[in-house]
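Below is one structure; the comments refer to it alone.
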Amino acid sequence: MKTDKKILTAFLMNFFFAILEFAGGAITGSIAIISDAIHDIGDAMSIGLSYFFERISHKKPDGKYTYGYYRYSVLGSVIQSAILLCGSFLVIYNAVLRFMNPQPVDYSGMIVIAVIGFVVNFLAAYFTAGEGSLNQKAINLHMLEDVLGWAVVLVGAIVMRFTDWWFLDPALSVILAVFIGFNALKGLKAVLDIFLEKTPKGIHIKEMQAELKGIDGVLDIHHLHVWSMDGYQNAATLHVVTEGETALVKKAVKEHLASRGIGHATVECEKAD
């Protein structure tokens with residue numbers, strides 16, 4: 001199955017299940033299920049945007065986007081993070097109200113929905129697994145997190161079914177909301193790092209300068225700038241002081257940068273004098 005089709009399959013599964021969740025949460029009176037429904041709506045929107053931007057990001061550079069359309073792939077992350085953060089605050093607010101004013105919960109219904117949720121997200125994780133784009137791999141990781149979240153809800157529902165500990169429902173919703181909000185903040189920070197053109201993770205400028213100076217014919221390196229287009233496609237510009245054959249030095253420098261995950265490099269060579 002191609003990457004686009006895998007992402008589309010995950011979107012359809014999450015979208016229709018989220019609608020079922022809202023209905024199930026309303027029927028059972030479970031804040032934990034409603035909180036995960038909000039999460040899954042955010043997931044569905046994110047996956048839908050990822051599918052849309054996955055196709056756009058494949059477009060070749062043109063006069064408007066000279067570096068290509070790679071950054072379209074990160075726009076969905078901004079929207080997703082905002083939705084998930086707002087949803088997390090809303091869920092925590094409602095959970096606090098539930099602590100103050102307890103409501104009856106249909107634990108048997110919670111168990112049924114939790115089982116369905118676990119199975120649906122497990123299948124979504126299965127469909128998005130395997131080789132594919134980095135975008136697909138990120139979605140697969142998110143699906144695996146959802147599998148874990150539903151496992152927690154299922155265990156909690158079973159415990160409440162036999163103990164009638166009603167407070168576990170709002171408590172679980174708070175735990176899930178905090179977990180989701182924390183990961184949304186991490187995702188938002190990663191996106192902001194890209195737009196602020198922060199040096200990509202795992203790349204250390206001073207170490208890279210030292211490595212490049214070790215190449216035959218390279219005397220010095222300055223004006224070295226490294227940034228990322230989408231969190232995966234990295235680019236660099238640099239000035240190389242050399243007394244060797246310019247073409248050979250450029251080739252060696254670009255090959256070394258490519259080995260460090262920098263696929264697009266602009267190298268300006270200067271003579272020592």
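All residue names refer to the structure tokens as shown: chains lettered A, B, ... in order, residues numbered from 1 in each chain, ligands numbered from 1 in order.
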
Next on the checklist: Using only C-alpha atoms, which protein or nucleic acid residues come within 9 Å of Val267 (chain A)? Drop anything in the same chain fewer than 6 positions from it, and give the result as a ChimeraX atom specification.
Outcome noted: /A:236-240,250,253-254

Next on the checklist: If we count only C-alpha atoms and set the cut-off at 9 Å, which residues sit around region 190-206 of chain A, ignoring sequence neighbours fewer than 5 positions away in its own chain? Please answer as a VMD selection string.
Outcome noted: chain A and resid 71 74 to 75 77 to 78 185 211 224 to 232 234 260

Next on the checklist: When you count only C-alpha atoms, which of these residues is closest to Ile111 (chain A): A:Leu257, A:Cys269, A:Ile158, A:Ile31?
Outcome noted: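 Among the listed residues, the smallest separation from Ile111 (chain A) belongs to A:Ile158.
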
Next on the checklist: Please determine, counting only C-alpha atoms, which residue among A:Asp62, A:Ala235, A:Phe11, A:Ala114 has the shortest atom-to-atom distance to Phe127 (chain A).
Outcome noted: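 For Phe127 (chain A), the nearest of the candidates is A:Phe11.
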
Checklist entry - Looking at A:Tyr107, A:Tyr93, A:Phe99, A:Tyr70, which one is nearest to Phe162 (chain A), with distances taken over only C-alpha atoms? => result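 Counting only C-alpha atoms, the residue closest to Phe162 (chain A) is A:Tyr107.
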
Hey, what's within 12 Å of region 163-166 of chain A if we count only C-alpha atoms and toss same-chain stuff fewer than 6 positions away? As a PDB file with N, CA and C atoms, in the first residue's frame, please?
ATOM      1  N   GLY A  29     -21.932   8.707  29.530  1.00  0.00           N
ATOM      2  CA  GLY A  29     -21.641   9.746  30.508  1.00  0.00           C
ATOM      3  C   GLY A  29     -20.183   9.792  30.908  1.00  0.00           C
ATOM      4  N   SER A  30     -19.302   9.208  30.075  1.00  0.00           N
ATOM      5  CA  SER A  30     -17.878   9.130  30.415  1.00  0.00           C
ATOM      6  C   SER A  30     -17.115  10.333  29.871  1.00  0.00           C
ATOM      7  N   ILE A  31     -16.518  11.115  30.786  1.00  0.00           N
ATOM      8  CA  ILE A  31     -15.673  12.239  30.381  1.00  0.00           C
ATOM      9  C   ILE A  31     -14.389  11.718  29.743  1.00  0.00           C
ATOM     10  N   ALA A  32     -13.893  10.569  30.215  1.00  0.00           N
ATOM     11  CA  ALA A  32     -12.659  10.002  29.666  1.00  0.00           C
ATOM     12  C   ALA A  32     -12.823   9.676  28.180  1.00  0.00           C
ATOM     13  N   ALA A  95     -13.522  17.862  33.671  1.00  0.00           N
ATOM     14  CA  ALA A  95     -13.200  16.839  34.674  1.00  0.00           C
ATOM     15  C   ALA A  95     -13.277  17.419  36.082  1.00  0.00           C
ATOM     16  N   ARG A  98     -16.761  17.582  37.052  1.00  0.00           N
ATOM     17  CA  ARG A  98     -17.269  16.244  37.358  1.00  0.00           C
ATOM     18  C   ARG A  98     -16.853  15.812  38.768  1.00  0.00           C
ATOM     19  N   PHE A  99     -15.634  16.205  39.196  1.00  0.00           N
ATOM     20  CA  PHE A  99     -15.204  15.907  40.564  1.00  0.00           C
ATOM     21  C   PHE A  99     -16.124  16.612  41.572  1.00  0.00           C
ATOM     22  N   ASN A 101     -19.217  17.646  40.968  1.00  0.00           N
ATOM     23  CA  ASN A 101     -20.607  17.203  40.832  1.00  0.00           C
ATOM     24  C   ASN A 101     -20.640  15.845  40.136  1.00  0.00           C
ATOM     25  N   PRO A 102     -20.420  14.760  40.875  1.00  0.00           N
ATOM     26  CA  PRO A 102     -20.343  13.411  40.273  1.00  0.00           C
ATOM     27  C   PRO A 102     -21.612  13.042  39.500  1.00  0.00           C
ATOM     28  N   GLN A 103     -21.415  12.359  38.369  1.00  0.00           N
ATOM     29  CA  GLN A 103     -22.516  11.909  37.531  1.00  0.00           C
ATOM     30  C   GLN A 103     -22.399  10.400  37.311  1.00  0.00           C
ATOM     31  N   PRO A 104     -23.526   9.702  37.153  1.00  0.00           N
ATOM     32  CA  PRO A 104     -23.463   8.253  36.916  1.00  0.00           C
ATOM     33  C   PRO A 104     -22.838   7.941  35.560  1.00  0.00           C
ATOM     34  N   VAL A 105     -22.080   6.853  35.499  1.00  0.00           N
ATOM     35  CA  VAL A 105     -21.382   6.452  34.275  1.00  0.00           C
ATOM     36  C   VAL A 105     -21.742   5.011  33.941  1.00  0.00           C
ATOM     37  N   ASP A 106     -22.013   4.735  32.677  1.00  0.00           N
ATOM     38  CA  ASP A 106     -22.313   3.377  32.216  1.00  0.00           C
ATOM     39  C   ASP A 106     -20.983   2.670  31.936  1.00  0.00           C
ATOM     40  N   TYR A 107     -20.476   1.952  32.950  1.00  0.00           N
ATOM     41  CA  TYR A 107     -19.154   1.334  32.831  1.00  0.00           C
ATOM     42  C   TYR A 107     -19.129   0.219  31.791  1.00  0.00           C
ATOM     43  N   SER A 108     -20.222  -0.498  31.664  1.00  0.00           N
ATOM     44  CA  SER A 108     -20.271  -1.570  30.658  1.00  0.00           C
ATOM     45  C   SER A 108     -20.139  -0.986  29.254  1.00  0.00           C
ATOM     46  N   GLY A 156      -9.249   1.033  33.249  1.00  0.00           N
ATOM     47  CA  GLY A 156      -9.988   1.860  34.205  1.00  0.00           C
ATOM     48  C   GLY A 156     -11.468   1.519  34.223  1.00  0.00           C
ATOM     49  N   ALA A 157     -12.058   1.297  33.048  1.00  0.00           N
ATOM     50  CA  ALA A 157     -13.485   0.966  32.967  1.00  0.00           C
ATOM     51  C   ALA A 157     -13.781  -0.366  33.644  1.00  0.00           C
ATOM     52  N   LEU A 172      -8.914   9.649  34.996  1.00  0.00           N
ATOM     53  CA  LEU A 172      -8.320   9.150  33.758  1.00  0.00           C
ATOM     54  C   LEU A 172      -8.356  10.215  32.661  1.00  0.00           C
TER      55      LEU A 172
END

Next on the checklist: For a test of reading the model, state the distance in Å between CA of Thr246 (chain A) and CA of His223 (chain A), rounded to one decimal.
Outcome noted: 17.6 Å

Item to check | Those in region 22-241 of chain A with strand (DSSP E or B) from DSSP, as a ChimeraX atom specification | outcome: /A:218-228,234-241

Next on the checklist: Write out as a ChimeraX atom specification the set of residues from region 95-214 of chain A that DSSP, computed on the backbone, places in alpha helix (DSSP H).
Outcome noted: /A:95-100,107-127,134-163,168-195,205-213

Item to check | Long-range neighbours of Ile116 (chain A) as a PyMOL selection string, 12 Å cut-off, only C-alpha atoms, 6 positions minimum in chain | outcome: chain A and resi 13-14+17-18+20-21+24+33+109-110+122-123+147+150-151+153-154

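Omitting Met143 (chain A) and its sequence neighbours fewer than 4 positions away, and counting only C-alpha atoms, the residues within 7 Å are A:Asn121, A:Ala124, A:Ala125, A:Ile139, A:Val147.
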